[in-house]
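Data file: start33.txt. Format and content: compact mmCIF, C-alpha atoms.
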# COMPACT_ATOMS: atom_id res chain seq x y z
CA MET A 1 0.00 0.00 0.00
CA ILE A 2 1.57 3.25 -1.13
CA GLY A 3 0.33 6.75 -0.41
CA LEU A 4 0.58 10.13 1.24
CA LEU A 5 -0.65 11.48 4.57
CA GLU A 6 -0.60 15.25 4.89
CA ASP A 7 0.08 17.58 7.80
CA VAL A 8 1.80 15.03 10.04
CA GLY A 9 4.95 15.62 12.05
CA ILE A 10 7.02 14.14 14.87
CA GLU A 11 7.41 16.73 17.64
CA ALA A 12 9.98 14.86 19.66
CA MET A 13 11.39 11.38 20.10
CA THR A 14 13.97 9.44 22.03
CA ALA A 15 15.06 5.94 23.06
CA THR A 16 16.13 4.06 26.19
CA ALA A 17 18.55 1.13 26.39
CA SER A 18 19.71 -0.93 29.33
CA GLN A 19 22.77 0.22 31.24
CA ASN A 20 23.77 -3.45 31.18
CA ARG A 21 25.91 -3.73 28.01
CA VAL A 22 27.37 -7.20 27.55
CA PRO A 23 30.13 -7.94 25.02
CA VAL A 24 28.96 -10.41 22.37
CA GLU A 25 32.00 -12.58 23.16
CA ALA A 26 30.66 -13.06 26.70
CA VAL A 27 27.13 -13.82 25.45
CA LEU A 28 28.49 -16.52 23.11
CA LYS A 29 31.18 -17.98 25.36
CA ASP A 30 29.38 -21.25 26.04
CA LEU A 31 28.33 -21.68 22.41
CA MET A 32 31.54 -21.32 20.41
CA PRO A 33 35.26 -20.69 20.61
CA LEU A 34 36.35 -17.07 21.17
CA LYS A 35 37.84 -16.88 17.67
CA LYS A 36 34.47 -17.66 16.09
CA ALA A 37 32.61 -15.27 18.41
CA ARG A 38 34.95 -12.48 17.36
CA ARG A 39 34.42 -13.36 13.72
CA LEU A 40 30.66 -13.23 14.25
CA ALA A 41 30.88 -9.81 15.93
CA ARG A 42 33.02 -8.50 13.06
CA GLY A 43 30.51 -9.82 10.54
CA THR A 44 27.45 -8.35 12.24
CA GLY A 45 29.11 -5.12 13.35
CA ILE A 46 27.62 -5.64 16.81
CA ASP A 47 30.17 -5.86 19.63
CA ALA A 48 27.96 -5.52 22.71
CA LEU A 49 24.30 -5.95 23.53
CA SER A 50 21.94 -3.92 25.71
CA LEU A 51 20.45 -6.65 27.93
CA ALA A 52 17.79 -5.61 30.41
CA PRO A 53 17.75 -7.41 33.79
CA PRO A 54 14.86 -9.84 34.36
CA ASP A 55 12.69 -7.33 36.23
CA VAL A 56 12.82 -4.75 33.43
CA CYS A 57 10.30 -5.09 30.59
CA THR A 58 9.93 -3.30 27.26
CA SER A 59 7.21 -1.15 28.85
CA ASP A 60 9.70 0.09 31.47
CA LEU A 61 12.18 1.14 28.77
CA CYS A 62 9.38 2.88 26.83
CA PHE A 63 8.14 4.49 30.08
CA GLU A 64 11.58 6.07 30.64
CA SER A 65 11.60 7.51 27.12
CA ALA A 66 7.99 8.73 27.40
CA SER A 67 8.63 10.38 30.78
CA ARG A 68 11.40 12.49 29.32
CA LEU A 69 9.20 13.63 26.41
CA LEU A 70 6.15 14.29 28.59
CA ALA A 71 8.18 16.47 30.97
CA GLU A 72 8.05 19.13 28.26
CA ILE A 73 4.34 19.15 27.38
CA ASP A 74 0.92 19.07 29.03
CA ARG A 75 0.01 15.36 29.33
CA ASN A 76 -3.59 16.14 28.45
CA GLU A 77 -2.46 16.96 24.92
CA ILE A 78 -2.04 13.22 24.37
CA GLY A 79 -5.21 11.84 22.74
CA ALA A 80 -3.93 8.33 21.93
CA LEU A 81 -1.32 5.92 23.25
CA VAL A 82 -0.08 3.18 20.93
CA PHE A 83 2.34 0.49 22.19
CA ILE A 84 4.09 -1.52 19.45
CA SER A 85 5.97 -4.59 20.63
CA GLN A 86 6.24 -8.36 20.55
CA THR A 87 7.20 -8.45 24.25
CA ALA A 88 4.13 -7.08 25.99
CA ASP A 89 3.95 -7.12 29.79
CA TYR A 90 1.04 -9.59 29.79
CA LEU A 91 -1.01 -11.59 27.32
CA SER A 92 -3.91 -9.49 28.58
CA PRO A 93 -4.70 -6.62 29.02
CA ALA A 94 -2.81 -4.64 26.37
CA THR A 95 0.32 -3.01 27.80
CA SER A 96 -0.86 0.40 26.57
CA TYR A 97 -3.39 0.35 29.45
CA CYS A 98 -0.68 -0.26 32.05
CA LEU A 99 1.34 2.57 30.51
CA GLN A 100 -1.65 4.94 30.40
CA GLU A 101 -1.99 4.56 34.16
CA ARG A 102 1.76 4.82 34.87
CA LEU A 103 2.12 7.93 32.70
CA GLY A 104 -0.90 9.66 34.26
CA LEU A 105 -2.76 10.14 30.99
CA THR A 106 -6.46 10.97 31.08
CA HIS A 107 -9.27 8.47 30.57
CA ASP A 108 -10.23 10.41 27.48
CA ILE A 109 -7.80 8.69 25.13
CA LEU A 110 -7.46 5.78 22.73
CA ALA A 111 -5.10 3.05 23.93
CA PHE A 112 -4.11 -0.10 22.07
CA ASP A 113 -1.19 -2.43 21.30
CA VAL A 114 0.16 -3.52 17.94
CA ASN A 115 2.08 -6.77 17.50
CA LEU A 116 4.87 -5.91 15.07
CA GLY A 117 8.65 -6.07 15.29
CA CYS A 118 11.23 -4.61 12.95
CA SER A 119 8.66 -2.69 10.85
CA GLY A 120 6.95 -1.44 14.04
CA PHE A 121 8.28 2.11 14.29
CA CYS A 122 7.47 3.03 10.70
CA TYR A 123 4.03 1.41 11.03
CA GLY A 124 3.59 3.39 14.25
CA ILE A 125 4.33 6.76 12.67
CA PHE A 126 1.95 5.89 9.83
CA LEU A 127 -0.81 4.74 12.24
CA ALA A 128 -0.36 7.83 14.39
CA GLY A 129 -0.68 9.94 11.25
CA THR A 130 -3.96 8.25 10.33
CA LEU A 131 -5.31 8.79 13.88
CA LEU A 132 -4.57 12.53 14.04
CA PRO A 133 -7.68 13.72 12.10
CA ALA A 134 -9.80 11.84 14.64
CA LEU A 135 -8.16 13.35 17.74
CA GLY A 136 -9.41 16.93 17.55
CA GLY A 137 -5.96 18.49 17.55
CA ARG A 138 -4.53 16.24 20.24
CA LYS A 139 -1.39 14.15 19.80
CA VAL A 140 -0.30 10.53 19.65
CA LEU A 141 2.22 9.05 22.06
CA LEU A 142 3.87 6.21 20.15
CA LEU A 143 5.85 3.71 22.21
CA CYS A 144 7.87 1.04 20.40
CA GLY A 145 10.39 -1.50 21.58
CA ASP A 146 11.28 -5.05 22.49
CA THR A 147 13.33 -7.08 24.90
CA SER A 148 14.42 -9.05 21.82
CA SER A 149 17.09 -10.93 23.74
CA ARG A 150 14.41 -12.79 25.69
CA ASN A 151 13.00 -14.31 22.52
CA ALA A 152 16.38 -15.81 21.63
CA SER A 153 17.02 -19.33 22.88
CA SER A 154 20.20 -19.71 24.95
CA ASP A 155 21.63 -22.04 22.28
CA ALA A 156 20.63 -20.03 19.19
CA SER A 157 23.92 -18.28 18.44
CA ALA A 158 22.78 -16.33 15.37
CA MET A 159 19.95 -14.63 17.29
CA ARG A 160 21.85 -14.29 20.54
CA SER A 161 24.72 -12.53 18.81
CA ILE A 162 22.49 -9.66 17.68
CA ALA A 163 19.34 -9.41 19.83
CA GLY A 164 19.29 -6.39 22.15
CA ASP A 165 16.72 -4.65 24.37
CA ALA A 166 15.44 -1.09 24.02
CA GLY A 167 12.30 1.04 24.16
CA SER A 168 11.41 4.33 22.53
CA ALA A 169 8.84 7.11 22.53
CA ALA A 170 7.72 9.59 19.91
CA ILE A 171 5.08 12.32 20.01
CA VAL A 172 3.27 12.59 16.68
CA ALA A 173 1.26 15.78 16.15
CA PRO A 174 -0.36 17.79 13.36
CA GLN A 175 2.24 19.74 11.40
CA ILE A 176 0.68 21.80 8.62
CA GLY A 177 2.46 21.42 5.30
CA ASN A 178 4.53 18.39 6.33
CA ALA A 179 3.96 15.34 4.14
CA LEU A 180 4.39 11.69 5.15
CA TYR A 181 4.86 9.33 2.21
CA TYR A 182 4.52 5.65 3.05
CA HIS A 183 4.90 2.24 1.43
CA MET A 184 3.79 -0.84 3.36
CA GLU A 185 3.95 -4.39 2.03
CA SER A 186 3.08 -7.71 3.65
CA PHE A 187 4.46 -11.16 2.84
CA GLY A 188 2.56 -13.67 4.96
CA GLU A 189 3.85 -16.61 2.92
CA MET A 190 7.19 -16.05 4.66
CA ALA A 191 5.71 -15.94 8.15
CA ASP A 192 7.89 -18.84 9.25
CA TYR A 193 11.15 -17.00 8.52
CA LEU A 194 10.97 -15.52 12.04
CA LEU A 195 8.62 -17.60 14.14
CA ILE A 196 7.96 -18.23 17.82
CA ALA A 197 5.71 -21.28 17.43
CA ARG A 198 4.56 -21.66 21.04
CA GLY A 199 2.92 -19.37 23.57
CA GLY A 200 -0.02 -18.26 21.45
CA SER A 201 -3.30 -20.06 20.90
CA ARG A 202 -1.94 -22.61 18.43
CA ALA A 203 0.41 -24.35 20.87
CA PRO A 204 1.23 -23.73 24.52
CA ARG A 205 4.77 -23.05 25.71
CA ILE A 206 6.60 -26.04 27.13
CA ALA A 207 7.82 -25.73 30.68
CA ASP A 208 9.80 -28.10 32.85
CA GLU A 209 10.61 -28.08 36.55
CA ASN A 210 13.11 -25.25 35.97
CA GLY A 211 10.72 -22.95 34.11
CA LEU A 212 10.61 -22.40 30.36
CA ALA A 213 12.09 -25.45 28.64
CA LEU A 214 14.92 -25.26 26.13
CA HIS A 215 12.48 -26.31 23.42
CA GLU A 216 12.94 -24.48 20.15
CA GLY A 217 9.22 -23.73 19.82
CA ASN A 218 9.43 -21.53 22.91
CA TYR A 219 11.81 -19.12 21.17
CA VAL A 220 12.34 -17.41 17.83
CA VAL A 221 13.50 -19.70 15.07
CA MET A 222 15.07 -17.66 12.29
CA ASP A 223 15.71 -18.74 8.70
CA GLY A 224 18.82 -16.55 8.32
CA MET A 225 19.29 -17.09 4.59
CA GLY A 226 15.58 -16.66 3.94
CA VAL A 227 15.58 -13.36 5.83
CA MET A 228 18.69 -12.08 4.01
CA ASN A 229 17.29 -13.16 0.64
CA PHE A 230 13.92 -11.51 1.33
CA THR A 231 15.56 -8.29 2.53
CA ILE A 232 17.83 -7.99 -0.50
CA ASP A 233 15.06 -8.84 -2.97
CA GLU A 234 12.20 -6.77 -1.59
CA VAL A 235 13.43 -3.79 0.45
CA PRO A 236 15.29 -1.82 -2.27
CA ARG A 237 12.35 -2.32 -4.64
CA ASN A 238 9.89 -1.13 -1.98
CA ILE A 239 12.02 1.95 -1.34
CA HIS A 240 12.52 2.79 -5.03
CA ALA A 241 8.76 2.53 -5.62
CA LEU A 242 8.19 4.97 -2.73
CA LEU A 243 10.76 7.43 -4.10
CA ASP A 244 9.16 7.21 -7.56
CA PHE A 245 5.70 7.84 -6.11
CA ALA A 246 6.94 10.86 -4.17
CA ARG A 247 8.99 12.02 -7.17
CA VAL A 248 12.08 12.23 -5.00
CA ASP A 249 15.55 11.27 -6.16
CA CYS A 250 17.68 9.41 -3.63
CA ALA A 251 20.42 11.98 -4.25
CA VAL A 252 18.43 14.56 -2.25
CA LEU A 253 18.02 12.33 0.80
CA ASP A 254 20.03 13.59 3.77
CA ARG A 255 19.80 10.28 5.62
CA VAL A 256 18.42 6.81 5.05
CA LEU A 257 17.53 5.22 8.37
CA LEU A 258 17.23 1.47 8.00
CA HIS A 259 16.15 -1.02 10.63
CA GLN A 260 19.44 -1.83 12.36
CA ALA A 261 19.31 -5.58 11.84
CA ASN A 262 23.11 -5.78 11.57
CA ALA A 263 25.85 -3.79 9.84
CA MET A 264 26.16 -6.27 6.94
CA ILE A 265 22.50 -5.91 5.91
CA VAL A 266 22.58 -2.11 6.30
CA ARG A 267 25.71 -1.82 4.10
CA THR A 268 24.32 -4.20 1.47
CA LEU A 269 21.02 -2.33 1.30
CA ALA A 270 22.78 1.05 1.06
CA SER A 271 24.59 -0.28 -1.99
CA LYS A 272 21.47 -1.73 -3.61
CA ILE A 273 19.37 1.35 -2.89
CA GLY A 274 22.15 3.52 -4.36
CA VAL A 275 22.98 5.78 -1.41
CA ALA A 276 26.51 6.39 -0.10
CA GLU A 277 27.26 4.62 3.19
CA ASP A 278 27.97 7.90 5.00
CA ARG A 279 24.28 8.74 4.66
CA VAL A 280 23.09 5.35 5.95
CA PRO A 281 24.08 5.24 9.62
CA PHE A 282 24.62 2.10 11.68
CA MET A 283 24.62 3.14 15.32
CA SER A 284 23.86 -0.14 17.08
CA SER A 285 27.30 -1.66 17.60
CA GLN A 286 26.97 -1.33 21.41
CA ILE A 287 23.26 -2.06 21.67
CA GLY A 288 22.23 -4.69 19.12
CA ASN A 289 19.14 -5.30 17.01
CA THR A 290 16.29 -3.92 19.13
CA SER A 291 13.37 -4.71 16.79
CA SER A 292 10.86 -1.81 16.60
CA ALA A 293 13.13 0.41 18.71
CA SER A 294 16.06 0.09 16.31
CA ILE A 295 15.35 3.17 14.17
CA PRO A 296 14.59 5.37 17.22
CA VAL A 297 17.79 4.05 18.83
CA CYS A 298 19.73 4.96 15.67
CA LEU A 299 18.39 8.52 15.79
CA ALA A 300 18.84 8.88 19.57
CA GLU A 301 22.43 7.61 19.31
CA MET A 302 23.06 10.12 16.53
CA ALA A 303 21.69 12.85 18.84
CA ARG A 304 23.71 11.60 21.83
CA THR A 305 26.97 11.69 19.82
CA GLY A 306 26.26 15.08 18.23
CA GLN A 307 25.69 13.60 14.76
CA TYR A 308 22.00 14.41 14.41
CA ALA A 309 20.85 17.23 12.18
CA GLY A 310 17.38 17.25 10.58
CA GLY A 311 16.73 16.93 6.89
CA LYS A 312 14.91 14.84 4.29
CA PHE A 313 14.88 11.32 5.69
CA LEU A 314 13.87 7.97 4.30
CA LEU A 315 13.07 5.37 6.97
CA SER A 316 12.57 1.68 6.34
CA GLY A 317 11.68 -1.05 8.82
CA PHE A 318 11.60 -4.64 7.56
CA GLY A 319 11.47 -8.06 9.14
CA VAL A 320 9.15 -10.27 11.12
CA GLY A 321 5.91 -10.90 9.26
CA MET A 322 7.48 -10.68 6.82
CA SER A 323 6.72 -7.00 6.72
CA ILE A 324 8.15 -3.87 5.09
CA ALA A 325 7.22 -0.31 6.08
CA SER A 326 9.05 2.60 4.45
CA LEU A 327 8.46 6.30 5.08
CA LEU A 328 9.66 9.52 3.49
CA MET A 329 9.45 12.59 5.69
CA ASP A 330 11.13 15.89 6.40
CA PHE A 331 12.75 15.71 9.85
CA SER A 332 13.82 19.37 10.06
CA GLN A 333 11.35 20.10 12.89
CA VAL A 334 11.88 16.87 14.83
CA ARG A 335 13.55 17.18 18.23
CA VAL A 336 15.56 14.05 18.95
CA LEU A 337 16.78 13.56 22.51
CA GLY A 338 19.88 11.43 23.09
CA THR A 339 19.61 7.84 24.31
CA CYS A 340 19.39 7.30 28.05
CA ASP A 341 20.08 4.07 29.92
CA LEU A 342 17.81 2.42 32.46
CA MET B 343 36.24 -10.01 -12.26
CA ASN B 344 39.54 -11.87 -12.15
CA GLU B 345 39.99 -14.95 -10.03
CA GLN B 346 42.55 -13.45 -7.64
CA ASP B 347 40.24 -10.50 -6.79
CA PHE B 348 37.47 -13.02 -6.14
CA LEU B 349 39.75 -15.11 -3.88
CA ASP B 350 40.64 -11.92 -1.97
CA ASP B 351 36.93 -11.00 -1.60
CA LEU B 352 36.08 -14.51 -0.42
CA THR B 353 39.00 -14.61 2.04
CA ASP B 354 37.81 -11.30 3.56
CA LEU B 355 34.21 -12.44 3.61
CA MET B 356 35.00 -15.67 5.46
CA ASP B 357 37.54 -13.84 7.64
CA THR B 358 39.78 -16.88 7.24
CA GLU B 359 43.54 -17.26 7.55
CA ASP B 360 43.49 -20.28 5.22
CA ASN B 361 45.13 -19.92 1.83
CA ILE B 362 42.22 -20.64 -0.49
CA THR B 363 42.40 -21.45 -4.19
CA MET B 364 39.74 -21.91 -6.85
CA GLU B 365 39.86 -25.68 -6.23
CA THR B 366 39.60 -25.53 -2.42
CA ARG B 367 36.76 -27.70 -1.11
CA LEU B 368 34.46 -25.51 1.00
CA SER B 369 33.94 -28.35 3.47
CA ASP B 370 37.64 -28.05 4.29
CA VAL B 371 37.32 -24.40 5.31
CA GLU B 372 36.25 -24.05 8.95
CA GLU B 373 34.85 -20.57 8.32
CA TRP B 374 32.45 -21.69 5.56
CA ASP B 375 29.49 -21.65 7.97
CA SER B 376 26.05 -20.05 8.20
CA LEU B 377 27.56 -16.60 8.80
CA SER B 378 29.59 -16.93 5.60
CA HIS B 379 26.58 -18.23 3.66
CA VAL B 380 24.66 -15.08 4.61
CA ALA B 381 27.67 -12.86 3.90
CA PHE B 382 27.98 -14.50 0.47
CA MET B 383 24.30 -13.70 -0.26
CA ALA B 384 25.07 -10.09 0.71
CA LEU B 385 28.10 -10.03 -1.63
CA ALA B 386 26.01 -11.57 -4.42
CA ALA B 387 23.41 -8.83 -3.96
CA THR B 388 25.86 -6.24 -5.20
CA LYS B 389 28.09 -8.26 -7.51
CA ALA B 390 26.23 -11.17 -9.08
CA SER B 391 25.20 -11.19 -12.69
CA GLY B 392 22.02 -13.15 -11.89
CA LYS B 393 19.76 -14.15 -9.02
CA ILE B 394 21.22 -16.59 -6.51
CA ALA B 395 19.05 -18.87 -4.38
CA PRO B 396 20.01 -19.92 -0.83
CA THR B 397 20.04 -23.58 -1.98
CA ASP B 398 22.66 -22.72 -4.64
CA VAL B 399 24.94 -21.28 -1.95
CA LYS B 400 24.51 -24.24 0.39
CA GLY B 401 25.00 -26.64 -2.54
CA ALA B 402 28.35 -25.18 -3.60
CA GLN B 403 31.20 -27.70 -3.12
CA THR B 404 34.26 -25.69 -4.16
CA VAL B 405 35.43 -22.09 -4.30
CA ARG B 406 35.13 -22.32 -8.09
CA ASP B 407 31.40 -23.20 -7.69
CA LEU B 408 30.93 -19.95 -5.78
CA TYR B 409 32.82 -18.00 -8.46
CA GLN B 410 30.56 -19.48 -11.13
CA LEU B 411 27.45 -18.64 -9.11
CA LEU B 412 28.55 -15.06 -8.79
CA TYR B 413 29.79 -14.41 -12.30
CA GLY B 414 27.86 -16.98 -14.32
CA VAL B 415 31.13 -18.24 -15.75
CA LYS B 416 31.30 -21.92 -16.69

Will you turn the file into structure tokens for me?
Amino acid sequence: MIGLLEDVGIEAMTATASQNRVPVEAVLKDLMPLKKARRLARGTGIDALSLAPPDVCTSDLCFESASRLLAEIDRNEIGALVFISQTADYLSPATSYCLQERLGLTHDILAFDVNLGCSGFCYGIFLAGTLLPALGGRKVLLLCGDTSSRNASSDASAMRSIAGDAGSAAIVAPQIGNALYYHMESFGEMADYLLIARGGSRAPRIADENGLALHEGNYVVMDGMGVMNFTIDEVPRNIHALLDFARVDCAVLDRVLLHQANAMIVRTLASKIGVAEDRVPFMSSQIGNTSSASIPVCLAEMARTGQYAGGKFLLSGFGVGMSIASLLMDFSQVRVLGTCDL
Amino acid sequence: MNEQDFLDDLTDLMDTEDNITMETRLSDVEEWDSLSHVAFMALAATKASGKIAPTDVKGAQTVRDLYQLLYGVK
């Protein structure tokens, strides 16, 4: 689905990681020799992972980000709260309700969760944009993130070498004259490329006397080659179609912000899309792949290290689903606060 | 693309200290593992003359097979 939403802007956004940053070599030490772990880290471009302690959930990381943004506005301006994650606090109720209460938002709002991963942030901006006309001038608080590391089995080295934990918040508000171009595509026939088979209604999780069993259905099983193949085949095409629709040449893009799956994918896509690497940042080497928080983390890390300046940005989130969500938007008015740690 | 440049690319990609040649059997190279398979797909994305399927990569027996996949040379 390709199109244009008008008069949408992001007022402010930020991200929160865990203060617990663990070197990938330590994460993999029981799974492979040090030499191979180092090789893996070089290949992925991820040296350390943000790993939240057991009592910290995605909602807590998002809460920290949201608190910093809400310190600067009247909370009553928020007319909708959307939480996008695959690691909700509970199966029921939606985590957005828990966050509404914790953030002291009024009863007079919409609140709902969306189950998406890597494409989650871009979907979230789009959804927020579609909600704005219905909110009577009020704003959307968009919270995205995952404790991705918890979905990786202790013996799944490919996932464990990249999965990190982070949360993010963005305030989406009417911005007259600002256009949001979007291109969403869905590929359900590849749903099993990134699949947690158990824990939903199809099949219960398997537990043993120690808790969650080391059964592969309890955790994400990833078809690494399938994911790489899909990404290379479909993402550049999706992005080029969006640029054609918007009549924008990739030469005018100031930055292309891709889901930070790993450095290899980001570099390969930059080449296939036709944008120089210095305009396609990879900022996750000390945090990891944080699913729907990865693009916010990229921006917040750019802000934290003094590398963020607004401009014409292309964003693209792609992954679990399989799903692609690309956006084209002017970020000149967006305030990005640097990453904080919880 | 000459064979030596390809051997250099492949050596970097696999991050191996082995001295590989066009006839090297991939099963003899410790670093020809799932990370290298994925890295090869990434390399193919920007360099291959045609489309390469994951099964083609996994089915390659020698370095020369990979060269032929990439450059369509028989």

### Task
Specify as an NGL selection string all residues of chain B found within 7 Å of chain A, counting only C-alpha atoms.
:B and (357 or 380 or 384 or 387-388 or 396)

### Task
Between A:Gly124, A:Gly129, A:Gly199, A:Gly79, single out the one closest to Val220 in chain A, counting all atoms listed in the file.
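Among the listed residues, A:Gly199 lies closest to Val220 in chain A.
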
### Task
Skip Ala88 in chain A itself and residues of its chain fewer than 2 positions away, then list as a ChimeraX atom specification all residues within 12 Å of it, counting all atoms listed in the file.
/A:56-62,83-86,90-99,112-117,143-148,150-151,167

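The gap separating CA of Ser285 in chain A from CA of Arg237 in chain A is 26.8 Å, in Å to one decimal.
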
### Task
Between CA of Gly319 in chain A and CA of Ser291 in chain A, measure the distance and give it in Å to one decimal.
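Separation between CA of Gly319 in chain A and CA of Ser291 in chain A: 8.6 Å.
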
### Task
For Ala246 in chain A, please output as a list in words all residues within 10 Å (counting only C-alpha atoms; exclusion window: fewer than 6 positions along the same chain).
Ile2, Gly3, Leu4, Ala179, Leu180, Tyr181, Tyr182, His240 and Leu328 of chain A

### Task
Write out as a list in words each polymer residue whose atoms come within 10 Å of Thr353 in chain B, counting only C-alpha atoms; drop sequence neighbours fewer than 5 positions from it.
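What passes the distance filter is Asp347, Phe348, Thr358, Glu359, Asp360, Asn361, Ile362, Thr363 and Glu373 of chain B.
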
Expected file: the selected residues, C-alpha atoms, as a short mmCIF file (atom, residue, chain, number, x, y, z; two decimals), keeping the file's coordinate frame:
data_model
loop_
_atom_site.label_atom_id
_atom_site.label_comp_id
_atom_site.auth_asym_id
_atom_site.auth_seq_id
_atom_site.Cartn_x
_atom_site.Cartn_y
_atom_site.Cartn_z
CA ASP B 347 40.24 -10.50 -6.79
CA PHE B 348 37.47 -13.02 -6.14
CA THR B 358 39.78 -16.88 7.24
CA GLU B 359 43.54 -17.26 7.55
CA ASP B 360 43.49 -20.28 5.22
CA ASN B 361 45.13 -19.92 1.83
CA ILE B 362 42.22 -20.64 -0.49
CA THR B 363 42.40 -21.45 -4.19
CA GLU B 373 34.85 -20.57 8.32
#

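Nearest to Ser376 in chain B of all the residues B:Lys400, B:Asp407, B:Met364, B:Leu355 is B:Lys400, counting all atoms listed in the file.
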
### Task
Give me, please, the distance in Å between CA of Arg279 in chain A and CA of Phe126 in chain A, quoted to one decimal.
23.1 Å

### Nearest candidate to Phe382 in chain B (options B:Glu345, B:Glu365, B:Asp398, B:Asp370; using all atoms listed in the file)
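Using all atoms listed in the file, Phe382 in chain B sits closest to B:Asp398.
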
#### Entry: Neighbour list for Ala402 in chain B as a list in words, cut-off 12 Å, only C-alpha atoms, skip fewer than 3 positions in-chain
Glu365, Thr366, Arg367, Leu368, Ser369, Trp374, His379, Phe382, Ile394, Ala395, Pro396, Thr397, Asp398, Val399, Val405, Arg406, Asp407, Leu408, Tyr409, Gln410, Leu411 and Leu412 of chain B

May I have the residues from that selection written out with C-alpha atoms, as a short mmCIF file (atom, residue, chain, number, x, y, z; two decimals), keeping the file's coordinate frame?
data_model
loop_
_atom_site.label_atom_id
_atom_site.label_comp_id
_atom_site.auth_asym_id
_atom_site.auth_seq_id
_atom_site.Cartn_x
_atom_site.Cartn_y
_atom_site.Cartn_z
CA GLU B 365 39.86 -25.68 -6.23
CA THR B 366 39.60 -25.53 -2.42
CA ARG B 367 36.76 -27.70 -1.11
CA LEU B 368 34.46 -25.51 1.00
CA SER B 369 33.94 -28.35 3.47
CA TRP B 374 32.45 -21.69 5.56
CA HIS B 379 26.58 -18.23 3.66
CA PHE B 382 27.98 -14.50 0.47
CA ILE B 394 21.22 -16.59 -6.51
CA ALA B 395 19.05 -18.87 -4.38
CA PRO B 396 20.01 -19.92 -0.83
CA THR B 397 20.04 -23.58 -1.98
CA ASP B 398 22.66 -22.72 -4.64
CA VAL B 399 24.94 -21.28 -1.95
CA VAL B 405 35.43 -22.09 -4.30
CA ARG B 406 35.13 -22.32 -8.09
CA ASP B 407 31.40 -23.20 -7.69
CA LEU B 408 30.93 -19.95 -5.78
CA TYR B 409 32.82 -18.00 -8.46
CA GLN B 410 30.56 -19.48 -11.13
CA LEU B 411 27.45 -18.64 -9.11
CA LEU B 412 28.55 -15.06 -8.79
#

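Neighbouring residues of Gly137 in chain A at 8 Å or closer, counting only C-alpha atoms and skipping chain neighbours under 2 positions away, are Leu132, Pro133, Leu135, Lys139, Ala173 and Pro174 of chain A.
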
Could the residues in this selection be saved with C-alpha atoms as an mmCIF file, in the coordinates of the input?
data_model
loop_
_atom_site.group_PDB
_atom_site.id
_atom_site.type_symbol
_atom_site.label_atom_id
_atom_site.label_comp_id
_atom_site.auth_asym_id
_atom_site.auth_seq_id
_atom_site.Cartn_x
_atom_site.Cartn_y
_atom_site.Cartn_z
ATOM 1 C CA LEU A 132 -4.570 12.530 14.040
ATOM 2 C CA PRO A 133 -7.680 13.720 12.100
ATOM 3 C CA LEU A 135 -8.160 13.350 17.740
ATOM 4 C CA LYS A 139 -1.390 14.150 19.800
ATOM 5 C CA ALA A 173 1.260 15.780 16.150
ATOM 6 C CA PRO A 174 -0.360 17.790 13.360
#

### Message
With distances taken over only C-alpha atoms, which residue among A:Arg160, A:His107, A:Arg138, A:His259 lies nearest Pro23 in chain A?
### Response
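Looking only at the distances to Pro23 in chain A, the closest residue turns out to be A:Arg160.
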
### Message
List as a list in words the residues having at least one atom at most 6 Å from position (10.6, -0.6, 12.1) as given in the file, counting all atoms listed in the file.
### Response
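The residues that fall inside the cut-off are Cys118, Ser119, Gly120, Phe121, Cys122, His259, Ser292 and Gly317 of chain A.
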
### Task
Point out the residue among A:Ala325, A:Val22, A:Leu337, A:Met190 with the least atom-to-atom distance to Tyr123 in chain A, counting only C-alpha atoms.
A:Ala325

Would you fill the gaps in range 315-320 of chain A so it has N, CA, C and O atoms, then print it as a PDB file, keeping the file's coordinate frame?
ATOM      1  N   LEU A 315      12.981   6.396   5.925  1.00  0.00           N
ATOM      2  CA  LEU A 315      13.070   5.370   6.970  1.00  0.00           C
ATOM      3  C   LEU A 315      12.548   4.067   6.380  1.00  0.00           C
ATOM      4  O   LEU A 315      11.587   4.071   5.600  1.00  0.00           O
ATOM      5  N   SER A 316      13.132   2.956   6.769  1.00  0.00           N
ATOM      6  CA  SER A 316      12.570   1.680   6.340  1.00  0.00           C
ATOM      7  C   SER A 316      12.766   0.615   7.401  1.00  0.00           C
ATOM      8  O   SER A 316      13.901   0.337   7.799  1.00  0.00           O
ATOM      9  N   GLY A 317      11.652   0.067   7.879  1.00  0.00           N
ATOM     10  CA  GLY A 317      11.680  -1.050   8.820  1.00  0.00           C
ATOM     11  C   GLY A 317      11.239  -2.300   8.085  1.00  0.00           C
ATOM     12  O   GLY A 317      10.313  -2.252   7.276  1.00  0.00           O
ATOM     13  N   PHE A 318      11.911  -3.418   8.313  1.00  0.00           N
ATOM     14  CA  PHE A 318      11.600  -4.640   7.560  1.00  0.00           C
ATOM     15  C   PHE A 318      11.969  -5.824   8.439  1.00  0.00           C
ATOM     16  O   PHE A 318      12.974  -5.807   9.153  1.00  0.00           O
ATOM     17  N   GLY A 319      11.140  -6.881   8.343  1.00  0.00           N
ATOM     18  CA  GLY A 319      11.470  -8.060   9.140  1.00  0.00           C
ATOM     19  C   GLY A 319      10.241  -8.853   9.475  1.00  0.00           C
ATOM     20  O   GLY A 319       9.352  -9.014   8.627  1.00  0.00           O
ATOM     21  N   VAL A 320      10.150  -9.286  10.713  1.00  0.00           N
ATOM     22  CA  VAL A 320       9.150 -10.270  11.120  1.00  0.00           C
ATOM     23  C   VAL A 320       7.785  -9.990  10.533  1.00  0.00           C
ATOM     24  O   VAL A 320       7.268  -8.884  10.575  1.00  0.00           O
TER      25      VAL A 320
END
